[in-house]
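Containing compact mmCIF, C-alpha atoms: final_9.txt.
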```
# COMPACT_ATOMS: atom_id res chain seq x y z
CA MET A 1 0.00 0.00 0.00
CA LEU A 2 1.42 3.38 -1.05
CA LYS A 3 1.48 6.24 1.44
CA PRO A 4 -0.30 9.36 0.13
CA ILE A 5 2.00 12.17 -1.01
CA VAL A 6 0.91 15.52 0.44
CA THR A 7 1.96 18.43 -1.78
CA ASP A 8 2.15 21.10 0.90
CA HIS A 9 4.17 23.73 -0.94
CA PRO A 10 3.46 27.19 0.55
CA MET A 11 1.88 28.41 -2.71
CA ILE A 12 -0.48 25.44 -2.73
CA CYS A 13 -1.38 25.88 0.95
CA HIS A 14 -2.14 29.56 0.35
CA LYS A 15 -4.42 28.86 -2.61
CA VAL A 16 -6.18 26.00 -0.80
CA ALA A 17 -6.98 28.36 2.08
CA ILE A 18 -8.67 30.75 -0.35
CA ILE A 19 -10.83 28.08 -2.00
CA ARG A 20 -11.95 26.86 1.42
CA ASP A 21 -13.43 30.30 2.12
CA LYS A 22 -17.19 30.21 1.52
CA ASN A 23 -17.05 33.81 0.27
CA THR A 24 -14.67 33.03 -2.63
CA PRO A 25 -16.73 33.52 -5.84
CA SER A 26 -16.96 30.86 -8.54
CA LYS A 27 -14.71 32.75 -10.96
CA ASP A 28 -11.87 32.94 -8.44
CA PHE A 29 -12.54 29.42 -7.17
CA ARG A 30 -12.34 28.01 -10.71
CA GLN A 31 -9.08 29.84 -11.44
CA LEU A 32 -7.47 28.77 -8.17
CA VAL A 33 -8.40 25.11 -8.63
CA SER A 34 -6.71 25.22 -12.03
CA GLU A 35 -3.62 26.89 -10.53
CA ILE A 36 -3.41 24.34 -7.71
CA ALA A 37 -3.64 21.50 -10.24
CA MET A 38 -0.82 23.06 -12.26
CA LEU A 39 1.39 23.24 -9.18
CA MET A 40 0.52 19.68 -8.15
CA CYS A 41 1.45 18.48 -11.62
CA TYR A 42 5.11 19.11 -10.76
CA GLU A 43 4.99 16.52 -7.99
CA ALA A 44 2.83 14.01 -9.86
CA THR A 45 5.29 13.97 -12.79
CA ARG A 46 8.45 13.99 -10.70
CA ASP A 47 9.34 10.40 -11.64
CA LEU A 48 9.14 10.87 -15.42
CA PRO A 49 12.37 9.42 -16.87
CA LEU A 50 14.86 11.64 -18.68
CA GLU A 51 17.20 10.98 -21.56
CA ASP A 52 20.21 12.79 -22.96
CA VAL A 53 19.43 14.74 -26.14
CA GLU A 54 21.94 16.66 -28.20
CA ILE A 55 20.81 20.13 -29.26
CA GLU A 56 22.51 23.14 -30.74
CA THR A 57 22.28 26.47 -28.93
CA PRO A 58 23.12 29.74 -30.68
CA MET A 59 26.62 29.21 -29.30
CA CYS A 60 27.44 25.51 -29.63
CA LYS A 61 26.21 21.93 -29.43
CA THR A 62 25.38 20.60 -26.01
CA THR A 63 23.64 17.68 -24.30
CA CYS A 64 20.44 18.36 -22.37
CA LYS A 65 17.91 16.32 -20.44
CA MET A 66 14.45 15.77 -21.92
CA ILE A 67 11.53 13.56 -20.92
CA LYS A 68 11.99 10.11 -22.38
CA GLY A 69 9.11 8.88 -24.50
CA ARG A 70 6.44 8.51 -21.83
CA THR A 71 3.01 9.67 -22.88
CA LEU A 72 0.44 10.96 -20.41
CA ALA A 73 -3.34 10.98 -20.28
CA PHE A 74 -5.33 13.16 -17.90
CA VAL A 75 -8.71 11.75 -16.91
CA PRO A 76 -10.97 14.09 -14.92
CA ILE A 77 -13.92 12.64 -13.06
CA LEU A 78 -16.94 14.65 -14.20
CA ARG A 79 -17.85 17.13 -13.37
CA ALA A 80 -15.58 18.67 -10.72
CA GLY A 81 -12.45 17.06 -12.15
CA LEU A 82 -12.79 19.30 -15.21
CA GLY A 83 -11.71 22.19 -13.00
CA MET A 84 -8.25 20.62 -12.66
CA CYS A 85 -7.74 19.64 -16.28
CA ASP A 86 -6.69 22.97 -17.78
CA GLY A 87 -4.03 23.44 -15.12
CA MET A 88 -2.56 20.04 -15.86
CA LEU A 89 -2.68 20.66 -19.62
CA ALA A 90 -0.86 23.97 -19.13
CA MET A 91 2.08 21.91 -17.90
CA VAL A 92 1.75 18.99 -20.36
CA PRO A 93 -0.07 20.30 -23.45
CA ALA A 94 0.69 17.15 -25.45
CA ALA A 95 -1.23 14.92 -23.04
CA LYS A 96 -4.46 13.32 -24.18
CA VAL A 97 -7.66 13.68 -22.16
CA GLY A 98 -10.29 11.12 -21.24
CA HIS A 99 -13.47 11.60 -19.21
CA ILE A 100 -15.30 9.50 -16.65
CA GLY A 101 -18.75 10.62 -15.51
CA MET A 102 -19.91 9.80 -11.98
CA TYR A 103 -22.78 11.02 -9.84
CA ARG A 104 -23.41 10.35 -6.17
CA ASP A 105 -26.74 8.99 -5.01
CA PRO A 106 -28.04 11.59 -2.55
CA VAL A 107 -29.49 8.92 -0.24
CA THR A 108 -26.98 6.05 -0.29
CA HIS A 109 -23.94 8.25 -1.17
CA THR A 110 -22.76 5.53 -3.55
CA PRO A 111 -21.30 6.51 -6.95
CA HIS A 112 -22.84 5.61 -10.29
CA GLU A 113 -20.95 5.74 -13.58
CA TYR A 114 -22.81 7.27 -16.51
CA TYR A 115 -20.01 8.00 -18.98
CA CYS A 116 -16.54 6.74 -19.85
CA LYS A 117 -14.49 7.86 -22.84
CA LEU A 118 -10.75 7.23 -22.83
CA PRO A 119 -8.02 7.77 -25.45
CA SER A 120 -7.84 4.84 -27.88
CA ASP A 121 -4.17 4.30 -27.03
CA ILE A 122 -4.71 4.38 -23.26
CA ASN A 123 -2.78 1.10 -22.91
CA HIS A 124 0.36 2.96 -23.98
CA ARG A 125 -0.16 5.87 -21.60
CA ASP A 126 0.44 6.77 -17.96
CA VAL A 127 -2.87 7.98 -16.57
CA ILE A 128 -3.36 10.76 -14.04
CA LEU A 129 -6.90 10.66 -12.64
CA LEU A 130 -8.24 14.03 -11.45
CA ASP A 131 -10.87 14.96 -8.89
CA PRO A 132 -10.70 17.87 -6.43
CA MET A 133 -12.21 15.84 -3.59
CA LEU A 134 -11.54 12.36 -2.19
CA ALA A 135 -14.41 11.96 0.27
CA THR A 136 -15.71 8.39 0.64
CA GLY A 137 -13.40 7.26 -2.14
CA GLY A 138 -16.21 5.56 -4.01
CA SER A 139 -16.04 7.57 -7.23
CA ALA A 140 -12.26 7.40 -7.44
CA ILE A 141 -12.26 3.65 -6.76
CA ASP A 142 -14.84 3.01 -9.49
CA ALA A 143 -13.01 5.32 -11.91
CA VAL A 144 -9.77 3.41 -11.42
CA ASN A 145 -11.65 0.14 -11.91
CA ALA A 146 -12.91 1.46 -15.25
CA ILE A 147 -9.47 2.63 -16.33
CA LYS A 148 -7.76 -0.62 -15.33
CA LYS A 149 -9.99 -2.52 -17.75
CA HIS A 150 -8.03 -0.80 -20.54
CA ASN A 151 -4.61 -1.80 -19.17
CA PRO A 152 -2.82 1.56 -18.96
CA LYS A 153 0.90 1.63 -18.23
CA SER A 154 0.25 3.19 -14.81
CA ILE A 155 -2.33 5.20 -12.86
CA LYS A 156 -1.94 8.02 -10.35
CA PHE A 157 -4.71 9.89 -8.56
CA VAL A 158 -4.45 13.64 -7.91
CA CYS A 159 -6.92 15.42 -5.64
CA ILE A 160 -6.85 18.67 -3.67
CA ILE A 161 -8.75 17.80 -0.48
CA SER A 162 -8.98 14.28 0.96
CA SER A 163 -10.44 12.57 4.01
CA PRO A 164 -8.75 9.85 6.08
CA GLU A 165 -11.73 7.58 5.34
CA GLY A 166 -11.42 8.12 1.60
CA ILE A 167 -7.68 7.51 1.61
CA GLU A 168 -8.13 4.26 3.54
CA ALA A 169 -10.89 2.98 1.25
CA PHE A 170 -9.04 3.95 -1.93
CA SER A 171 -5.71 2.52 -0.78
CA ASN A 172 -7.34 -0.75 0.25
CA ALA A 173 -9.05 -1.05 -3.14
CA HIS A 174 -6.05 0.09 -5.20
CA PRO A 175 -2.83 -0.31 -3.20
CA ASP A 176 -0.83 0.12 -6.43
CA VAL A 177 -2.16 3.62 -7.22
CA GLN A 178 -0.32 6.59 -5.74
CA ILE A 179 -2.46 9.35 -4.23
CA TYR A 180 -1.33 12.98 -4.46
CA THR A 181 -3.28 15.40 -2.28
CA ALA A 182 -2.84 18.97 -1.08
CA SER A 183 -4.53 18.31 2.27
CA ILE A 184 -5.71 15.43 4.42
CA ASP A 185 -8.63 16.84 6.38
CA GLU A 186 -10.23 15.74 9.63
CA CYS A 187 -13.12 13.45 8.73
CA LEU A 188 -16.41 13.00 6.90
CA ASN A 189 -19.68 14.25 8.36
CA GLU A 190 -22.91 12.26 8.39
CA ASP A 191 -23.69 13.42 4.84
CA LYS A 192 -20.25 12.19 3.66
CA TYR A 193 -18.87 15.68 3.10
CA ILE A 194 -15.28 16.41 4.07
CA ILE A 195 -14.73 18.45 7.25
CA PRO A 196 -13.50 21.21 7.16
CA GLY A 197 -13.41 20.68 3.37
CA LEU A 198 -14.70 23.33 0.99
CA GLY A 199 -18.26 22.23 0.26
CA ASP A 200 -19.30 20.76 -3.08
CA ALA A 201 -16.40 21.40 -5.48
CA GLY A 202 -18.51 20.95 -8.61
CA ASP A 203 -21.14 23.43 -7.46
CA ARG A 204 -18.49 25.97 -6.52
CA ILE A 205 -16.54 25.58 -9.79
CA PHE A 206 -19.60 25.93 -12.00
CA GLY A 207 -21.70 28.22 -9.81
CA THR A 208 -24.59 25.79 -9.43
CA LYS A 209 -24.93 25.79 -5.65
```
Show the structure stored in the file as structure tokens.
Amino acid sequence: MLKPIVTDHPMICHKVAIIRDKNTPSKDFRQLVSEIAMLMCYEATRDLPLEDVEIETPMCKTTCKMIKGRTLAFVPILRAGLGMCDGMLAMVPAAKVGHIGMYRDPVTHTPHEYYCKLPSDINHRDVILLDPMLATGGSAIDAVNAIKKHNPKSIKFVCIISSPEGIEAFSNAHPDVQIYTASIDECLNEDKYIIPGLGDAGDRIFGTK
């Protein structure tokens, strides 16, 4: 079982504090989520292999390091995961994008998949699954199950806010998938929302609360 990696860079902590604030408007919330995702991308791609490449500067030939032939796919969980996608693509514009649609039953709190569209060459790609919140873990667990059916090279999961309960459930279901999170919060409440959390990320990104 892999221990979650907490990306607690000061810039990330600062931006997370702002999106927690209930008075932060949707426009600012949406922009900050994208910025946090961009910053978290650094950590999530830290293990990409490098190779020596010879280039010619205006002065001379030299050998530089470049990423070695690994191709990425970003897969946001709809709908809130869309808020993280642009930030990730700003760092890796050549990545392909898939989508997995999930909704949570308001009574049972269990996730239901309604859409799944992945790149046709997903089996040749390293997948980074995106969702701002890891609450019960149900949606992320089911999304990884769906992705694994297509035999990707690897899967990582990047979220902004997580709960101890969600981390435990996800890690038990997928001990081979590394979690990257900006914060591990206190707990879930009786309605399965993260405390202190930031409310419903999808509603706050798209202004539908």
What residues have an atom no more than 9 Å from (7.0, 6.7, -23.5) in the file's own frame, counting only C-alpha atoms, and can you write them as a PDB file with C-alpha atoms, in the coordinates of the input?
```pdb
ATOM      1  CA  PRO A  49      12.370   9.420 -16.870  1.00  0.00           C
ATOM      2  CA  ILE A  67      11.530  13.560 -20.920  1.00  0.00           C
ATOM      3  CA  LYS A  68      11.990  10.110 -22.380  1.00  0.00           C
ATOM      4  CA  GLY A  69       9.110   8.880 -24.500  1.00  0.00           C
ATOM      5  CA  ARG A  70       6.440   8.510 -21.830  1.00  0.00           C
ATOM      6  CA  THR A  71       3.010   9.670 -22.880  1.00  0.00           C
ATOM      7  CA  LEU A  72       0.440  10.960 -20.410  1.00  0.00           C
ATOM      8  CA  HIS A 124       0.360   2.960 -23.980  1.00  0.00           C
ATOM      9  CA  ARG A 125      -0.160   5.870 -21.600  1.00  0.00           C
ATOM     10  CA  ASP A 126       0.440   6.770 -17.960  1.00  0.00           C
TER      11      ASP A 126
END
```
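The nearest approach to A:Ala135 among the residues A:Leu118, A:Ala169, A:Val158, A:Ile18, with all atoms listed in the file taken into account, belongs to A:Ala169.
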Exercise. Which protein, DNA or RNA residues have an atom at most 12 Å from (6.0, 15.2, -10.3), counting only C-alpha atoms? List them as a PyMOL selection string.
Worked result: chain A and resi 5-7+37-49+88+91-92+128+156+158+178-180
Problem set entry | Distance query A:Pro10 at most 12 Å, all atoms listed in the file, self and fewer than 5 positions along chain excluded, as an MDAnalysis selection string | chainID A and resid 15:17 36 39:40 182
Problem set entry | Interatomic distance, atom CA of A:Cys13 to atom CA of A:Glu35 (Å, one decimal) |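 Between these atoms lies a distance of 11.7 Å.
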Seminar exercise, completed: Of A:Leu89, A:Ile77, A:Ala94, A:Leu188, the one nearest to A:Pro111 when counting only C-alpha atoms is A:Ile77
For this session: For each of A:Val144, A:Leu130, A:Cys187, A:Cys60, take the minimum atom-to-atom distance to A:Leu78, counting all atoms listed in the file, then give the residue where this is smallest.
Result: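 With all atoms listed in the file as the atom set, the closest residue is A:Leu130.
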